[in-house]
Amino acid sequence: MMNAQSMKEALRNGQRVYGTLITSPSPKWPAHIRQLGMDFIFIDTEHISQDRHQLSWMCQAYKALGLTPIVRIPSPDPYTATMVLDGGADGVIVPYVETVEQVQALRGAVKYRPLRGQKLERLLNGSEECGEEMNRYLEEYNKNNIFIVNIESKNAIEALDDILQIPDLDAVLIGPHDLSCSLNVPEQYDHPLFLQAVDEIIMKARSYGVGAGIHYWIGTEQQIKWAKRGLNMIIQSSDLNAFIDHLSSDFGTIKTALGDQAVPASESINI
């Protein structure tokens, strides 16, 4: 387990950090998840419905137990990013980013809180400077905020060199499902085009000193291969997938042994 500051340093230095996707808001979940030896928790609000009050409780509970809560917001919206940080998230993952302009706007929301409006815009475009006192304030105020963007399209890969040069970006996270669809090889995670794209994202991110991650749920072999190539933010499966996979296997074994018809294993859930 690590706090937000040590996780930021780990992402940039190439140290591996481990987490999983949590969908359940059960109050019993955090204490059990803590026993798994993870560094952070990935909470998704893009594909999973989470009430704002409920989300804040989840973030505060995991943080209190020493697990860094990272929240993916529903869209590349700076105000939503600020909202989840105010609620207790230690980091923000921004979905389906494709342009430098999007990343700059979110950078302002995550790394320049509480500034907004035209003043923030002038600071980001370099037409105004903060001054020493304001700089110190902003650094202290936002020192625990982790800034991650999803790279999950062909357009995002084409803009990746420019995106990776934006200051304050801590990591990029590959979205396998959307990326495979953008490459016209939907859910073909062993397709050469997909594998080449993943390798390119990892290589470029690490060359700029930015963390590289992926959320993956199909076994562990591919995660290990990517990690050996430099991937250092490993998000394995989810509570929902683990539940389905484990019970599907158990019931299949029991029904087969008793001569009853086993239900075919369901497909993993793409999130």
# chains A, B, ... in the order shown; residues from 1 in each chain; ligands from 1
call {"tool": "select_by_dssp", "arguments": {"residues": "range 16-263 of chain A", "states": "alpha helix (DSSP H)", "output": "short mmCIF file (atom, residue, chain, number, x, y, z; two decimals) with C-alpha atoms, in the first residue's frame"}}
result
data_model
loop_
_atom_site.label_atom_id
_atom_site.label_comp_id
_atom_site.auth_asym_id
_atom_site.auth_seq_id
_atom_site.Cartn_x
_atom_site.Cartn_y
_atom_site.Cartn_z
CA TRP A 29 -15.66 -4.31 1.01
CA PRO A 30 -12.76 -1.92 1.90
CA ALA A 31 -11.45 -3.90 4.87
CA HIS A 32 -11.40 -7.12 2.84
CA ILE A 33 -9.81 -5.47 -0.21
CA ARG A 34 -7.09 -4.10 2.06
CA ARG A 52 -21.93 11.32 -5.66
CA HIS A 53 -22.46 10.92 -1.91
CA GLN A 54 -21.83 7.19 -2.16
CA LEU A 55 -18.68 7.74 -4.22
CA SER A 56 -17.30 10.13 -1.62
CA TRP A 57 -17.85 7.57 1.15
CA MET A 58 -16.02 4.92 -0.92
CA CYS A 59 -13.06 7.23 -1.51
CA GLN A 60 -12.81 8.27 2.13
CA ALA A 61 -13.09 4.68 3.39
CA TYR A 62 -10.36 3.30 1.11
CA LYS A 63 -8.09 6.26 1.81
CA ALA A 64 -8.49 5.77 5.57
CA PRO A 78 -12.85 19.65 -15.77
CA TYR A 79 -15.71 20.44 -13.38
CA THR A 80 -16.44 16.75 -12.82
CA ALA A 81 -12.75 16.14 -12.14
CA THR A 82 -12.75 18.83 -9.47
CA MET A 83 -15.94 17.40 -7.98
CA VAL A 84 -14.52 13.91 -7.40
CA LEU A 85 -11.32 15.36 -5.90
CA ASP A 86 -13.43 17.45 -3.54
CA VAL A 100 -3.78 18.25 -26.19
CA GLU A 101 -6.50 20.81 -25.48
CA GLN A 102 -8.52 18.26 -23.50
CA VAL A 103 -5.50 17.26 -21.44
CA GLN A 104 -4.56 20.88 -20.72
CA ALA A 105 -8.08 21.68 -19.49
CA LEU A 106 -8.09 18.64 -17.19
CA ARG A 107 -4.58 19.44 -16.01
CA GLY A 108 -5.93 22.76 -14.78
CA ALA A 109 -8.75 21.05 -12.90
CA VAL A 110 -6.51 18.46 -11.21
CA LYS A 111 -3.24 20.33 -10.64
CA GLY A 117 -12.24 30.59 -15.30
CA GLN A 118 -10.14 33.06 -17.26
CA LYS A 119 -7.37 33.27 -14.68
CA LEU A 120 -6.79 29.53 -14.94
CA GLU A 121 -6.91 29.70 -18.72
CA ARG A 122 -4.25 32.42 -18.77
CA LEU A 123 -2.00 30.41 -16.45
CA LEU A 124 -2.30 27.32 -18.61
CA ASN A 125 -1.55 29.15 -21.86
CA GLU A 132 5.88 32.63 -5.81
CA GLU A 133 3.27 32.71 -3.06
CA MET A 134 0.47 31.40 -5.29
CA ASN A 135 2.76 28.75 -6.77
CA ARG A 136 3.60 27.46 -3.31
CA TYR A 137 -0.08 27.42 -2.39
CA LEU A 138 -1.09 25.48 -5.52
CA GLU A 139 1.71 22.93 -5.10
CA GLU A 140 0.72 22.27 -1.51
CA TYR A 141 -3.03 22.25 -2.24
CA LYS A 154 -6.29 5.53 -32.89
CA ASN A 155 -6.55 9.33 -32.77
CA ALA A 156 -5.21 9.37 -29.23
CA ILE A 157 -2.18 7.31 -30.27
CA GLU A 158 -1.50 9.69 -33.15
CA LEU A 160 0.34 10.74 -27.97
CA ASP A 161 3.75 12.41 -28.33
CA ASP A 162 2.16 15.84 -27.88
CA ILE A 163 -0.02 14.65 -24.99
CA LEU A 164 2.94 13.14 -23.15
CA PRO A 176 -8.52 -2.22 -24.20
CA HIS A 177 -12.16 -2.48 -25.25
CA ASP A 178 -12.49 0.97 -26.81
CA LEU A 179 -9.00 0.78 -28.31
CA SER A 180 -9.69 -2.53 -30.04
CA CYS A 181 -12.91 -1.09 -31.47
CA SER A 182 -11.14 2.05 -32.69
CA PRO A 192 -1.31 -7.91 -33.98
CA LEU A 193 -2.77 -4.40 -34.49
CA PHE A 194 -3.98 -4.25 -30.90
CA LEU A 195 -0.76 -5.66 -29.44
CA GLN A 196 1.33 -3.27 -31.51
CA ALA A 197 -0.74 -0.32 -30.29
CA VAL A 198 -0.35 -1.35 -26.65
CA ASP A 199 3.42 -1.74 -27.06
CA GLU A 200 3.66 1.69 -28.69
CA ILE A 201 1.72 3.36 -25.86
CA ILE A 202 3.86 1.69 -23.19
CA MET A 203 7.13 2.51 -24.93
CA LYS A 204 6.27 6.16 -25.54
CA ALA A 205 4.85 6.81 -22.09
CA ARG A 206 7.87 5.39 -20.32
CA SER A 207 10.27 7.27 -22.61
CA GLU A 221 -0.29 -13.94 -18.73
CA GLN A 222 -0.65 -10.85 -20.91
CA GLN A 223 -0.39 -8.46 -17.98
CA ILE A 224 2.93 -10.06 -17.05
CA LYS A 225 4.25 -9.75 -20.62
CA TRP A 226 3.30 -6.08 -20.80
CA ALA A 227 4.80 -5.38 -17.37
CA LYS A 228 8.11 -6.85 -18.54
CA ASP A 239 -14.86 -7.34 -8.12
CA LEU A 240 -17.73 -8.11 -10.51
CA ASN A 241 -15.64 -10.15 -12.96
CA ALA A 242 -13.91 -12.04 -10.15
CA PHE A 243 -17.27 -12.93 -8.61
CA ILE A 244 -18.71 -14.18 -11.90
CA ASP A 245 -15.59 -16.06 -12.96
CA HIS A 246 -15.15 -17.80 -9.63
CA LEU A 247 -18.78 -18.83 -9.16
CA SER A 248 -19.08 -19.91 -12.80
CA SER A 249 -16.14 -22.25 -12.30
CA ASP A 250 -17.42 -23.58 -8.97
CA PHE A 251 -20.94 -24.28 -10.18
CA GLY A 252 -19.60 -25.82 -13.38
CA THR A 253 -17.50 -28.25 -11.33
CA ILE A 254 -20.38 -29.14 -8.99
CA LYS A 255 -22.98 -29.63 -11.74
CA THR A 256 -20.61 -31.68 -13.90
CA ALA A 257 -19.78 -33.96 -10.97
#
call {"tool": "closest_atom_pairs", "arguments": {"of": "range 103-156 of chain A", "to": "range 12-16 of chain A", "cutoff": "12 Å", "atoms": "only C-alpha atoms", "output": "tab-separated table"}}
result
residue	atom	partner	partner_atom	distance
A:Ile146	CA	A:Arg12	CA	11.0
A:Phe147	CA	A:Arg12	CA	11.4
A:Ile148	CA	A:Arg12	CA	11.5
call {"tool": "residues_around", "arguments": {"residues": "Ser6 in chain A", "least_positions_apart": "4", "cutoff": "12 Å", "atoms": "only C-alpha atoms", "output": "list in words"}}
result
Met1, Met2, Ala10, Leu11, Arg12, Asn13, Gln15, Arg16, Val17, Asp39, Phe40, Gly66, Leu67, Thr68, Asp90, Lys143, Asn144, Asn145, Ile146 and Asp170 of chain A
call {"tool": "closest_residue", "arguments": {"among": "A:Pro69, A:Gly37, A:Gly131, A:Pro186", "to": "Leu21 in chain A", "atoms": "only C-alpha atoms"}}
result
A:Pro69
